[in-house]
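File shown: protein11.cif. Contents: mmCIF, C-alpha atoms and all ligand atoms.
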```
data_data
loop_
_atom_site.label_atom_id
_atom_site.label_comp_id
_atom_site.auth_asym_id
_atom_site.auth_seq_id
_atom_site.Cartn_x
_atom_site.Cartn_y
_atom_site.Cartn_z
CA MET A 1 0.00 0.00 0.00
CA ASN A 2 1.44 3.37 -0.95
CA ASN A 3 1.16 6.68 0.87
CA ASP A 4 -1.90 7.85 -1.07
CA GLU A 5 -3.78 4.67 -0.19
CA ASP A 6 -2.68 5.03 3.43
CA ALA A 7 -3.88 8.64 3.46
CA SER A 8 -7.23 7.61 2.02
CA LEU A 9 -7.58 4.82 4.60
CA VAL A 10 -6.73 7.24 7.40
CA ARG A 11 -9.29 9.79 6.14
CA ARG A 12 -11.97 7.11 6.19
CA CYS A 13 -10.95 6.11 9.71
CA LEU A 14 -11.23 9.73 10.82
CA ARG A 15 -14.80 9.80 9.50
CA GLY A 16 -15.53 6.83 11.77
CA ASP A 17 -15.86 4.33 8.89
CA ASP A 18 -16.04 0.92 10.62
CA GLU A 19 -14.66 -0.99 7.65
CA ALA A 20 -11.64 1.34 7.41
CA ILE A 21 -10.94 0.95 11.14
CA ARG A 22 -11.02 -2.82 10.77
CA GLN A 23 -8.76 -2.66 7.71
CA LEU A 24 -6.16 -0.55 9.50
CA VAL A 25 -6.19 -2.83 12.54
CA ASN A 26 -5.87 -5.97 10.41
CA ARG A 27 -3.05 -4.48 8.43
CA PHE A 28 -0.83 -3.55 11.35
CA GLN A 29 -1.87 -5.68 14.32
CA ALA A 30 0.57 -8.53 13.64
CA GLU A 31 3.50 -6.13 13.31
CA VAL A 32 2.57 -4.11 16.37
CA TYR A 33 1.95 -7.25 18.40
CA GLY A 34 5.20 -8.87 17.18
CA LEU A 35 7.18 -5.81 18.15
CA CYS A 36 5.48 -5.65 21.57
CA VAL A 37 6.21 -9.34 22.26
CA ARG A 38 9.90 -8.86 21.50
CA LEU A 39 10.23 -5.65 23.48
CA LEU A 40 8.20 -6.80 26.49
CA ASN A 41 9.14 -10.52 26.42
CA HIS A 42 5.64 -11.26 27.51
CA ARG A 43 2.77 -12.35 25.31
CA HIS A 44 -0.11 -11.41 27.57
CA ASP A 45 1.32 -7.98 28.29
CA ALA A 46 1.97 -7.61 24.57
CA GLU A 47 -1.74 -8.12 23.82
CA ASP A 48 -2.74 -5.49 26.38
CA VAL A 49 -0.15 -3.05 25.09
CA THR A 50 -1.15 -3.72 21.46
CA GLN A 51 -4.71 -2.68 22.31
CA GLU A 52 -3.47 0.49 23.98
CA VAL A 53 -1.20 1.21 21.03
CA PHE A 54 -4.16 1.06 18.63
CA LEU A 55 -6.25 3.33 20.82
CA ARG A 56 -3.40 5.83 20.72
CA ILE A 57 -3.00 5.38 16.97
CA PHE A 58 -6.66 6.18 16.33
CA ARG A 59 -6.70 9.08 18.80
CA GLY A 60 -3.63 10.53 17.15
CA LEU A 61 -4.49 9.87 13.48
CA ARG A 62 -5.03 13.59 12.86
CA GLY A 63 -1.42 14.14 13.89
CA TRP A 64 -0.01 11.78 11.26
CA ASP A 65 1.86 13.63 8.51
CA SER A 66 0.48 12.06 5.33
CA ARG A 67 3.67 12.88 3.43
CA ARG A 68 5.46 10.30 5.59
CA PRO A 69 4.93 6.55 5.52
CA LEU A 70 2.36 5.26 7.97
CA LYS A 71 4.16 2.18 9.26
CA PRO A 72 7.13 3.89 10.98
CA TRP A 73 4.69 6.32 12.60
CA ILE A 74 2.64 3.40 13.95
CA LEU A 75 5.72 1.51 15.11
CA SER A 76 6.99 4.62 16.91
CA ILE A 77 3.78 4.71 18.96
CA ALA A 78 4.27 1.02 19.78
CA VAL A 79 7.90 1.58 20.81
CA ASN A 80 6.96 4.49 23.07
CA ARG A 81 4.13 2.58 24.65
CA CYS A 82 6.38 -0.44 25.33
CA ARG A 83 9.01 1.82 26.87
CA THR A 84 6.43 3.34 29.21
CA TRP A 85 5.04 -0.09 30.05
CA LEU A 86 8.49 -1.46 30.89
CA SER A 87 9.30 1.55 33.05
CA GLN A 88 6.12 0.85 35.06
CA ARG A 89 6.59 -2.91 35.19
CA HIS A 90 9.71 -3.07 37.35
CA ARG A 91 7.75 -4.06 40.43
CA ARG A 92 5.96 -6.95 38.76
CA PRO A 93 7.68 -10.29 38.19
CA GLU A 94 8.72 -10.68 34.59
CA ALA A 95 7.27 -13.77 33.03
CA VAL A 96 9.64 -14.95 30.34
CA ASP A 97 7.55 -16.80 27.84
CA TYR A 98 9.32 -15.90 24.64
CA LEU A 99 10.22 -19.51 24.00
CA GLN A 100 6.82 -20.34 22.57
CA ASP A 101 7.81 -19.15 19.12
CA THR A 102 7.42 -21.71 16.45
CA LEU A 103 9.90 -22.45 13.74
CA ALA A 104 9.14 -21.90 10.09
CA GLY A 105 9.86 -25.59 9.42
CA PRO A 106 10.46 -28.69 11.53
CA PRO A 107 13.80 -28.42 13.37
CA ALA A 108 16.15 -30.85 11.68
CA ASP A 109 19.22 -30.23 13.83
CA ASP A 110 19.97 -27.71 16.54
CA THR A 111 17.89 -25.01 14.84
CA GLY A 112 15.32 -24.98 17.63
CA GLU A 113 18.04 -24.47 20.18
CA LEU A 114 19.61 -21.79 18.01
CA VAL A 115 16.34 -19.87 17.75
CA GLU A 116 15.86 -20.19 21.49
CA GLU A 117 19.35 -18.79 22.12
CA ILE A 118 18.72 -15.91 19.74
CA HIS A 119 15.51 -15.07 21.58
CA LYS A 120 17.26 -15.16 24.92
CA ALA A 121 20.07 -13.03 23.60
CA VAL A 122 17.63 -10.47 22.18
CA ALA A 123 15.69 -10.43 25.44
CA GLU A 124 18.84 -9.62 27.39
CA LEU A 125 19.81 -6.65 25.24
CA ARG A 126 19.20 -3.20 26.64
CA LEU A 127 15.98 -1.72 25.33
CA GLU A 128 17.48 0.61 22.71
CA TYR A 129 19.61 -2.14 21.21
CA ARG A 130 16.73 -4.59 21.34
CA THR A 131 14.38 -2.16 19.63
CA ALA A 132 16.85 -1.40 16.85
CA PHE A 133 17.57 -5.12 16.36
CA VAL A 134 13.92 -6.18 16.23
CA LEU A 135 12.93 -3.30 13.95
CA PHE A 136 15.71 -4.16 11.51
CA HIS A 137 15.74 -7.96 11.55
CA GLU A 138 12.12 -8.77 12.30
CA GLN A 139 10.17 -5.75 11.10
CA GLY A 140 12.26 -5.16 8.00
CA GLN A 141 12.78 -1.46 8.69
CA SER A 142 15.75 0.38 7.18
CA TYR A 143 18.22 2.41 9.24
CA GLU A 144 16.44 5.60 8.16
CA GLU A 145 13.03 4.26 9.13
CA ILE A 146 14.31 3.07 12.51
CA ALA A 147 15.79 6.53 13.04
CA GLN A 148 12.29 7.96 12.47
CA VAL A 149 10.65 5.39 14.72
CA MET A 150 13.12 5.91 17.56
CA ASN A 151 13.56 9.62 16.92
CA ARG A 152 17.36 9.35 16.85
CA PRO A 153 20.01 10.09 14.20
CA VAL A 154 20.83 7.31 11.74
CA GLY A 155 24.37 7.13 13.14
CA THR A 156 23.05 6.34 16.61
CA ILE A 157 20.79 3.62 15.21
CA LYS A 158 23.74 2.05 13.38
CA THR A 159 25.78 2.03 16.57
CA TRP A 160 22.95 0.48 18.57
CA LEU A 161 22.20 -2.17 15.96
CA HIS A 162 25.88 -3.11 15.53
CA ARG A 163 26.37 -3.41 19.28
CA ALA A 164 23.20 -5.48 19.55
CA ARG A 165 24.47 -7.89 16.93
CA MET A 166 27.89 -8.19 18.54
CA GLU A 167 26.33 -8.98 21.92
CA ILE A 168 24.16 -11.64 20.32
CA LEU A 169 27.08 -13.15 18.42
CA GLU A 170 29.14 -13.29 21.62
CA ARG A 171 26.33 -15.05 23.40
CA LEU A 172 25.91 -17.59 20.60
CA ARG A 173 29.61 -18.34 20.90
CA ARG A 174 29.49 -18.65 24.68
CA ARG A 175 26.49 -20.96 24.46
CA GLY A 176 28.23 -23.28 22.05
CA MET A 177 26.06 -22.41 19.09
CA VAL A 178 29.07 -21.66 16.91
CA PRO A 179 31.12 -24.65 15.78
CA GLU A 180 34.80 -24.38 16.51
CA THR A 181 36.45 -23.40 13.28
CA MET A 182 39.73 -24.74 12.00
CA LYS A 183 42.96 -23.40 13.36
CA SER A 184 44.21 -20.09 12.02
CA GLU A 185 46.62 -20.09 9.17
CA PRO A 186 49.79 -18.13 9.72
CA GLU A 187 49.56 -14.61 8.30
CA ALA A 188 51.16 -14.26 4.89
CA MET B 1 42.91 -5.61 6.62
CA ASN B 2 42.61 -5.19 10.37
CA CYS B 3 39.99 -6.58 12.78
CA ARG B 4 38.03 -3.34 12.83
CA MET B 5 37.59 -3.36 9.07
CA ALA B 6 36.66 -7.05 9.24
CA HIS B 7 33.96 -6.22 11.82
CA ASP B 8 32.57 -3.52 9.53
CA LEU B 9 32.30 -6.01 6.68
CA LEU B 10 30.61 -8.51 9.00
CA GLN B 11 28.05 -5.83 9.89
CA GLN B 12 27.48 -5.12 6.21
CA SER B 13 26.90 -8.79 5.54
CA LEU B 14 24.39 -8.87 8.42
CA ASP B 15 22.72 -5.85 6.82
CA GLY B 16 22.08 -8.13 3.89
CA THR B 17 24.81 -6.92 1.55
CA PRO B 18 26.73 -9.84 -0.01
CA ILE B 19 30.43 -9.36 0.68
CA GLU B 20 32.90 -10.56 -1.89
CA SER B 21 36.16 -9.33 -0.51
CA PRO B 22 39.30 -11.48 -0.91
CA GLU B 23 40.95 -9.28 1.75
CA TRP B 24 38.27 -10.14 4.25
CA LEU B 25 38.53 -13.86 3.52
CA ALA B 26 42.29 -13.61 3.87
CA HIS B 27 41.86 -11.89 7.26
CA LEU B 28 39.43 -14.54 8.43
CA ARG B 29 41.90 -17.25 7.50
CA HIS B 30 44.50 -16.02 9.93
CA CYS B 31 42.36 -14.24 12.63
CA ALA B 32 40.55 -16.79 14.83
CA GLU B 33 38.55 -14.11 16.65
CA CYS B 34 37.11 -12.60 13.47
CA ARG B 35 36.54 -16.04 12.01
CA ALA B 36 34.53 -17.12 15.05
CA LEU B 37 32.48 -13.92 14.88
CA ALA B 38 31.83 -14.41 11.17
CA THR B 39 30.71 -17.98 11.81
CA ALA B 40 28.44 -16.76 14.61
CA GLY B 41 27.08 -14.19 12.12
CA GLN B 42 26.21 -17.01 9.73
CA ARG B 43 24.42 -18.85 12.50
CA LEU B 44 22.51 -15.72 13.46
CA GLN B 45 21.35 -15.36 9.87
CA GLU B 46 20.33 -19.03 9.82
CA GLY B 47 18.31 -18.52 12.98
CA LEU B 48 16.67 -15.30 11.76
CA ARG B 49 15.62 -17.03 8.53
CA VAL B 50 13.59 -19.67 10.38
CA LEU B 51 12.30 -17.30 13.03
CA THR B 52 8.59 -16.64 12.70
CA ALA B 53 6.75 -13.63 14.00
CA PRO B 54 4.69 -14.12 17.17
CA VAL B 55 1.06 -14.74 16.29
CA PRO B 56 -1.59 -12.81 18.24
CA SER B 57 -4.68 -14.59 19.53
CA PRO B 58 -7.36 -14.80 16.82
CA ASP B 59 -9.76 -12.46 18.59
CA LEU B 60 -7.23 -9.68 19.26
CA ALA B 61 -8.13 -7.73 16.10
CA GLU B 62 -11.83 -7.83 16.98
CA GLN B 63 -11.13 -6.71 20.56
CA ILE B 64 -9.10 -3.80 19.24
CA VAL B 65 -11.80 -2.76 16.76
CA GLU B 66 -14.42 -2.85 19.52
CA ARG B 67 -12.30 -0.74 21.87
CA VAL B 68 -11.55 1.76 19.13
CA ARG B 69 -15.25 2.08 18.26
CA LEU B 70 -16.15 2.58 21.91
CA ASP B 71 -13.43 5.18 22.21
CA TYR B 72 -14.77 7.00 19.12
CA ARG B 73 -18.30 7.00 20.51
CA ARG B 74 -17.07 8.39 23.85
CA ALA B 75 -15.12 11.09 22.07
CA GLN B 76 -18.22 12.06 20.05
CA ARG B 77 -20.31 12.19 23.22
CA ARG B 78 -17.76 14.39 24.93
CA LEU B 79 -17.77 16.68 21.91
CA ARG B 80 -21.58 16.92 21.95
CA GLN B 81 -21.52 17.64 25.69
CA ARG B 82 -19.04 20.44 25.16
CA TRP B 83 -21.24 21.87 22.42
CA ALA B 84 -24.28 21.66 24.67
CA ILE B 85 -22.49 23.44 27.50
CA GLY B 86 -21.18 26.07 25.09
CA LEU B 87 -24.62 26.62 23.57
CA GLY B 88 -26.20 26.78 27.03
CA LEU B 89 -23.72 29.39 28.18
CA ALA B 90 -24.19 31.40 24.99
CA ALA B 91 -28.00 31.25 25.35
CA GLY B 92 -27.74 32.35 28.99
CA PHE B 93 -25.52 35.21 28.05
CA LEU B 94 -27.87 36.32 25.27
CA LEU B 95 -30.89 36.16 27.61
CA ALA B 96 -29.08 38.29 30.17
CA LEU B 97 -28.05 40.73 27.48
CA ALA B 98 -31.62 40.94 26.14
CA GLY B 99 -32.94 41.62 29.66
CA ILE B 100 -30.49 44.44 30.26
CA THR B 101 -31.18 46.01 26.87
CA ARG B 102 -34.92 45.87 27.47
CA GLN B 103 -34.58 47.51 30.87
CA LEU B 104 -32.53 50.31 29.46
CA THR B 105 -34.95 51.01 26.60
CA LEU B 106 -38.14 50.87 28.75
CA SER B 107 -36.92 53.08 31.62
CA PRO B 108 -36.64 56.87 31.12
CA PRO B 109 -33.34 58.38 32.24
CA PRO B 110 -33.30 59.00 36.02
CA THR B 111 -32.26 62.66 35.65
CA ALA B 112 -35.35 63.47 33.56
CA MET B 113 -37.63 61.87 36.18
CA ALA B 114 -35.95 63.70 39.02
CA ASN B 115 -36.71 67.01 37.34
CA ARG B 116 -40.42 66.30 36.87
CA PRO B 117 -42.42 68.82 38.93
CA SER B 118 -45.03 66.23 40.02
CA GLN B 119 -42.32 64.31 41.83
CA LEU B 120 -41.44 67.24 44.00
CA PRO B 121 -43.05 67.49 47.46
CA LYS B 122 -46.04 69.80 47.07
CA ASP B 123 -45.80 71.63 50.37
CA ILE B 124 -42.26 72.75 49.81
CA THR B 125 -41.33 75.88 47.96
CA PRO B 126 -37.60 76.11 47.74
CA ALA B 127 -37.63 79.92 47.81
CA LYS B 128 -39.40 80.00 51.20
CA ARG B 129 -37.53 77.26 53.03
CA GLN B 130 -34.04 77.77 51.80
CA PRO B 131 -32.87 80.59 54.08
CA GLN B 132 -34.36 79.06 57.30
CA LEU B 133 -32.90 75.65 57.02
CA PRO B 134 -29.58 74.63 58.49
CA ASP B 135 -26.84 73.28 56.20
CA SER B 136 -27.79 69.62 56.66
CA ALA B 137 -31.50 69.99 55.87
CA PRO B 138 -31.51 70.26 52.03
CA THR B 139 -29.86 66.81 51.71
CA ARG B 140 -32.83 65.10 53.39
CA GLU B 141 -35.40 66.23 50.86
CA PRO B 142 -33.57 65.07 47.68
CA ALA B 143 -32.98 61.76 49.50
CA ALA B 144 -36.70 61.22 49.89
CA GLU B 145 -37.14 62.24 46.32
CA LEU B 146 -34.52 59.71 45.20
CA SER B 147 -36.14 56.87 47.13
CA GLU B 148 -39.41 57.54 45.29
CA VAL B 149 -37.58 57.57 41.99
CA PHE B 150 -36.00 54.24 42.84
CA ALA B 151 -39.33 52.78 43.85
CA GLU B 152 -40.76 53.78 40.48
CA LEU B 153 -37.73 52.39 38.67
CA SER B 154 -37.96 49.02 40.34
CA ASN B 155 -41.69 48.90 39.53
CA GLU B 156 -40.98 49.45 35.87
CA THR B 157 -38.13 46.92 35.92
CA ALA B 158 -40.46 44.29 37.34
CA LYS B 159 -43.00 45.01 34.59
CA ALA B 160 -40.27 44.90 31.95
CA SER B 161 -38.89 41.60 33.11
CA GLU B 162 -42.41 40.15 33.19
CA GLY B 163 -42.91 41.16 29.57
CA LEU B 164 -39.46 39.88 28.68
CA SER B 165 -39.94 36.48 30.24
CA GLU B 166 -43.32 36.16 28.47
CA GLY B 167 -41.72 37.06 25.14
CA LEU B 168 -38.76 34.72 25.59
CA GLU B 169 -40.76 31.78 26.92
CA PRO B 170 -40.67 29.78 23.64
CA VAL B 171 -36.87 30.29 23.43
CA ALA B 172 -36.35 29.15 27.01
CA ASN B 173 -38.56 26.09 26.43
CA SER B 174 -36.67 24.98 23.34
CA ALA B 175 -33.33 25.49 25.12
CA ARG B 176 -34.59 23.34 28.01
CA ARG B 177 -35.68 20.65 25.57
CA ALA B 178 -32.22 20.71 23.93
CA VAL B 179 -30.45 20.36 27.28
CA ASP B 180 -32.79 17.48 28.25
CA LEU B 181 -31.93 15.75 24.99
CA PHE B 182 -28.21 16.05 25.67
CA LEU B 183 -28.62 14.86 29.24
CA ARG B 184 -30.33 11.75 27.92
CA GLU B 185 -27.30 11.19 25.66
CA LEU B 186 -24.92 11.24 28.63
CA PRO B 187 -22.89 8.03 29.01
CA MET B 188 -23.70 5.70 31.93
CA GLU B 189 -20.44 6.30 33.73
CA THR B 190 -21.02 10.06 33.96
CA LYS B 191 -24.46 9.42 35.37
CA THR B 192 -23.23 7.04 38.02
CA ASN B 193 -20.10 9.00 38.90
ZN ZN C 201 40.47 -10.02 13.12
#
```
For this file, write the structure as structure tokens.
Amino acid sequence: MNNDEDASLVRRCLRGDDEAIRQLVNRFQAEVYGLCVRLLNHRHDAEDVTQEVFLRIFRGLRGWDSRRPLKPWILSIAVNRCRTWLSQRHRRPEAVDYLQDTLAGPPADDTGELVEEIHKAVAELRLEYRTAFVLFHEQGQSYEEIAQVMNRPVGTIKTWLHRARMEILERLRRRGMVPETMKSEPEA
Amino acid sequence: MNCRMAHDLLQQSLDGTPIESPEWLAHLRHCAECRALATAGQRLQEGLRVLTAPVPSPDLAEQIVERVRLDYRRAQRRLRQRWAIGLGLAAGFLLALAGITRQLTLSPPPTAMANRPSQLPKDITPAKRQPQLPDSAPTREPAAELSEVFAELSNETAKASEGLSEGLEPVANSARRAVDLFLRELPMETKTN
């Protein structure tokens, strides 16, 4: 869907068109929910926050700049909401249930374990790194789009994403997910 | 190539850019640390390829749509309430303004009334009394005069407001009906709160 179609959908939503509201929810709910699950590490909380995110999206639709793409604007609301939620959650026990993710195909080897380790590694990242990582690798957002979503310069996003990856790679190594490679050849 | 440059190329490959650099491969051959990281990078990409997005419960979309609709309806109600309050205030202001205007147009100016000869006490002739009276005496007679003028004024005001309220009765009734209508539209929670 291009920007014009988005703008038309948003205009219909603003008029209170039920079908348009449903269309917008259906189009973005999986992405918003997916992002919330990764940032909150909690499926039930993610459902609650997803509902709140959509209420905020619809309340703020008039504030969307139709010259900009809709998805980063929506994801930025989700990121902000998750950040607020996490800042208020510190007193509650954190239920780690991110291991329920299914694999795209049946695990033939250690793929299941690998996915599990990646999830754990992502969950342990600090929030900024985690957000940048999930937006890039799971939500398919570019550096520029993530910069918009997180309201930070592209350079900062690159730094966060690169550090996130390095932390994950180090964890995969520590957890034995990386086969020992052959001995180094002497430098020529 | 040094390790830092090798890390940059690893990041580029994780960005999705295919790297065909003989220098990088040469570095990986002799640097165990970079080689291990590159291998871990390959594993990360393997894992990300099979990773599927979390699936929300099937009724989440419907729950969201319902909440959004409810939120819209509440917002519309709040807007109507604000309009009703605004209109009520404006109507009240206009009624008050109309009353004041009517009073001013019906009542003659107080100075003209005070000068009317009939309003003066009949038994007093200023020429006769003036020299005999002490300094405080003349203030008492205009005071009595003023109180009569005020009595007449308030009489006329009462008549004017009677006429005004009769004339504006249809307006007041329709305003009351409008407010009743809006009160019926009030959401349950505002009634119970
Ligand atoms: Zn190296």
| said: Using only C-alpha atoms and all ligand atoms, which residues of the polymer chains come no farther than 10 Å from ligand ZN 201 (chain C)? I'd like the answer as an MDAnalysis selection string. | reply: chainID B and resid 1:7 24 27:38
Mind checking which residues fall within 10 Å of segment 9-25 of chain A, counting all atoms listed in the file, ignoring those fewer than 3 positions away in the same chain, and posting them as a PDB file with C-alpha atoms, in the coordinates of the input?
```pdb
ATOM      1  CA  ASN A   3       1.160   6.680   0.870  1.00  0.00           C
ATOM      2  CA  ASP A   4      -1.900   7.850  -1.070  1.00  0.00           C
ATOM      3  CA  GLU A   5      -3.780   4.670  -0.190  1.00  0.00           C
ATOM      4  CA  ASP A   6      -2.680   5.030   3.430  1.00  0.00           C
ATOM      5  CA  PHE A  28      -0.830  -3.550  11.350  1.00  0.00           C
ATOM      6  CA  GLN A  29      -1.870  -5.680  14.320  1.00  0.00           C
ATOM      7  CA  ALA A  30       0.570  -8.530  13.640  1.00  0.00           C
ATOM      8  CA  VAL A  32       2.570  -4.110  16.370  1.00  0.00           C
ATOM      9  CA  GLN A  51      -4.710  -2.680  22.310  1.00  0.00           C
ATOM     10  CA  PHE A  54      -4.160   1.060  18.630  1.00  0.00           C
ATOM     11  CA  ILE A  57      -3.000   5.380  16.970  1.00  0.00           C
ATOM     12  CA  PHE A  58      -6.660   6.180  16.330  1.00  0.00           C
ATOM     13  CA  ARG A  59      -6.700   9.080  18.800  1.00  0.00           C
ATOM     14  CA  GLY A  60      -3.630  10.530  17.150  1.00  0.00           C
ATOM     15  CA  LEU A  61      -4.490   9.870  13.480  1.00  0.00           C
ATOM     16  CA  ARG A  62      -5.030  13.590  12.860  1.00  0.00           C
ATOM     17  CA  TRP A  64      -0.010  11.780  11.260  1.00  0.00           C
ATOM     18  CA  SER A  66       0.480  12.060   5.330  1.00  0.00           C
ATOM     19  CA  LEU A  70       2.360   5.260   7.970  1.00  0.00           C
TER      20      LEU A  70
ATOM     21  CA  LEU B  60      -7.230  -9.680  19.260  1.00  0.00           C
ATOM     22  CA  ALA B  61      -8.130  -7.730  16.100  1.00  0.00           C
ATOM     23  CA  GLU B  62     -11.830  -7.830  16.980  1.00  0.00           C
ATOM     24  CA  ILE B  64      -9.100  -3.800  19.240  1.00  0.00           C
ATOM     25  CA  VAL B  65     -11.800  -2.760  16.760  1.00  0.00           C
ATOM     26  CA  GLU B  66     -14.420  -2.850  19.520  1.00  0.00           C
ATOM     27  CA  VAL B  68     -11.550   1.760  19.130  1.00  0.00           C
ATOM     28  CA  ARG B  69     -15.250   2.080  18.260  1.00  0.00           C
ATOM     29  CA  TYR B  72     -14.770   7.000  19.120  1.00  0.00           C
ATOM     30  CA  ARG B  73     -18.300   7.000  20.510  1.00  0.00           C
TER      31      ARG B  73
END
```
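Across B:Gln81, B:Thr39, B:Thr101, B:Gln76, the tightest approach to chain A is made by B:Thr39 when counting only C-alpha atoms.
Here atom CA of Thr131 of chain A is placed at a distance of 18.7 Å from atom CA of Asp48 of chain A.
Going from atom CA of Glu170 of chain A to atom CA of Glu145 of chain A covers 26.9 Å.
Among B:Leu70, B:Ile19, B:Leu10, B:Ala40, the residue with the shortest atom-to-atom distance to Glu180 of chain A, counting only C-alpha atoms, is B:Ala40.
The gap separating atom CA of Arg152 of chain A from atom CA of Val49 of chain A is 23.0 Å, in Å to one decimal.
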| request: Pick out the residues sitting within 8 Å of segment 175-177 of chain A, and hand them over as a list in words; count all atoms listed in the file, and ignore anything fewer than 4 positions along from it in its own chain. | output: Leu114, Glu117 and Arg171 of chain A; Ala40 and Arg43 of chain B
Selection file, C-alpha atoms, as a short mmCIF file (atom, residue, chain, number, x, y, z; two decimals), keeping the file's coordinate frame:
```
data_model
loop_
_atom_site.label_atom_id
_atom_site.label_comp_id
_atom_site.auth_asym_id
_atom_site.auth_seq_id
_atom_site.Cartn_x
_atom_site.Cartn_y
_atom_site.Cartn_z
CA LEU A 114 19.61 -21.79 18.01
CA GLU A 117 19.35 -18.79 22.12
CA ARG A 171 26.33 -15.05 23.40
CA ALA B 40 28.44 -16.76 14.61
CA ARG B 43 24.42 -18.85 12.50
#
```
| task | Extract, using only C-alpha atoms, all DNA, RNA and protein residues at most 9 Å from Glu167 of chain A, discarding same-chain residues fewer than 3 positions from it, and format them as a PyMOL selection string. | result | chain A and resi 121-122+125+162-164+170-172
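Neighbourhood of point (8.9, -9.7, 19.9): residues with an atom at most 9 Å away, counting all atoms listed in the file, are A:Tyr33, A:Gly34, A:Leu35, A:Cys36, A:Val37, A:Arg38, A:Leu39, A:Leu40, A:Asn41, A:His42, A:Arg43, A:Ala46, A:Tyr98, A:His119, A:Ala123, A:Val134, A:Glu138, B:Ala53, B:Pro54.
Compared by their closest atoms to Gln45 of chain B, and using only C-alpha atoms, the residues A:Glu144, A:Lys158, A:Val115, A:Gln139 rank with A:Val115 nearest.
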Can you write segment 68-80 of chain A from the block above with N, CA and C atoms, as a PDB file, in the first residue's frame?
```
ATOM      1  N   ARG A  68       4.547  11.341   5.094  1.00  0.00           N
ATOM      2  CA  ARG A  68       5.463  10.300   5.591  1.00  0.00           C
ATOM      3  C   ARG A  68       4.768   8.943   5.598  1.00  0.00           C
ATOM      4  N   PRO A  69       5.574   7.870   5.492  1.00  0.00           N
ATOM      5  CA  PRO A  69       4.927   6.546   5.516  1.00  0.00           C
ATOM      6  C   PRO A  69       4.256   6.272   6.860  1.00  0.00           C
ATOM      7  N   LEU A  70       3.182   5.504   6.778  1.00  0.00           N
ATOM      8  CA  LEU A  70       2.359   5.261   7.966  1.00  0.00           C
ATOM      9  C   LEU A  70       3.013   4.277   8.942  1.00  0.00           C
ATOM     10  N   LYS A  71       3.671   3.247   8.387  1.00  0.00           N
ATOM     11  CA  LYS A  71       4.162   2.176   9.262  1.00  0.00           C
ATOM     12  C   LYS A  71       5.173   2.659  10.317  1.00  0.00           C
ATOM     13  N   PRO A  72       6.196   3.441   9.943  1.00  0.00           N
ATOM     14  CA  PRO A  72       7.131   3.891  10.980  1.00  0.00           C
ATOM     15  C   PRO A  72       6.434   4.731  12.061  1.00  0.00           C
ATOM     16  N   TRP A  73       5.427   5.497  11.632  1.00  0.00           N
ATOM     17  CA  TRP A  73       4.693   6.319  12.604  1.00  0.00           C
ATOM     18  C   TRP A  73       3.966   5.411  13.612  1.00  0.00           C
ATOM     19  N   ILE A  74       3.356   4.345  13.090  1.00  0.00           N
ATOM     20  CA  ILE A  74       2.639   3.400  13.951  1.00  0.00           C
ATOM     21  C   ILE A  74       3.624   2.671  14.875  1.00  0.00           C
ATOM     22  N   LEU A  75       4.744   2.239  14.295  1.00  0.00           N
ATOM     23  CA  LEU A  75       5.723   1.514  15.114  1.00  0.00           C
ATOM     24  C   LEU A  75       6.311   2.423  16.197  1.00  0.00           C
ATOM     25  N   SER A  76       6.423   3.721  15.886  1.00  0.00           N
ATOM     26  CA  SER A  76       6.986   4.625  16.909  1.00  0.00           C
ATOM     27  C   SER A  76       6.044   4.727  18.113  1.00  0.00           C
ATOM     28  N   ILE A  77       4.744   4.688  17.848  1.00  0.00           N
ATOM     29  CA  ILE A  77       3.775   4.709  18.956  1.00  0.00           C
ATOM     30  C   ILE A  77       3.929   3.424  19.786  1.00  0.00           C
ATOM     31  N   ALA A  78       4.113   2.305  19.080  1.00  0.00           N
ATOM     32  CA  ALA A  78       4.272   1.022  19.781  1.00  0.00           C
ATOM     33  C   ALA A  78       5.546   1.027  20.639  1.00  0.00           C
ATOM     34  N   VAL A  79       6.637   1.532  20.067  1.00  0.00           N
ATOM     35  CA  VAL A  79       7.903   1.576  20.815  1.00  0.00           C
ATOM     36  C   VAL A  79       7.756   2.444  22.068  1.00  0.00           C
ATOM     37  N   ASN A  80       7.133   3.602  21.903  1.00  0.00           N
ATOM     38  CA  ASN A  80       6.964   4.495  23.065  1.00  0.00           C
ATOM     39  C   ASN A  80       6.096   3.863  24.142  1.00  0.00           C
TER      40      ASN A  80
END
```
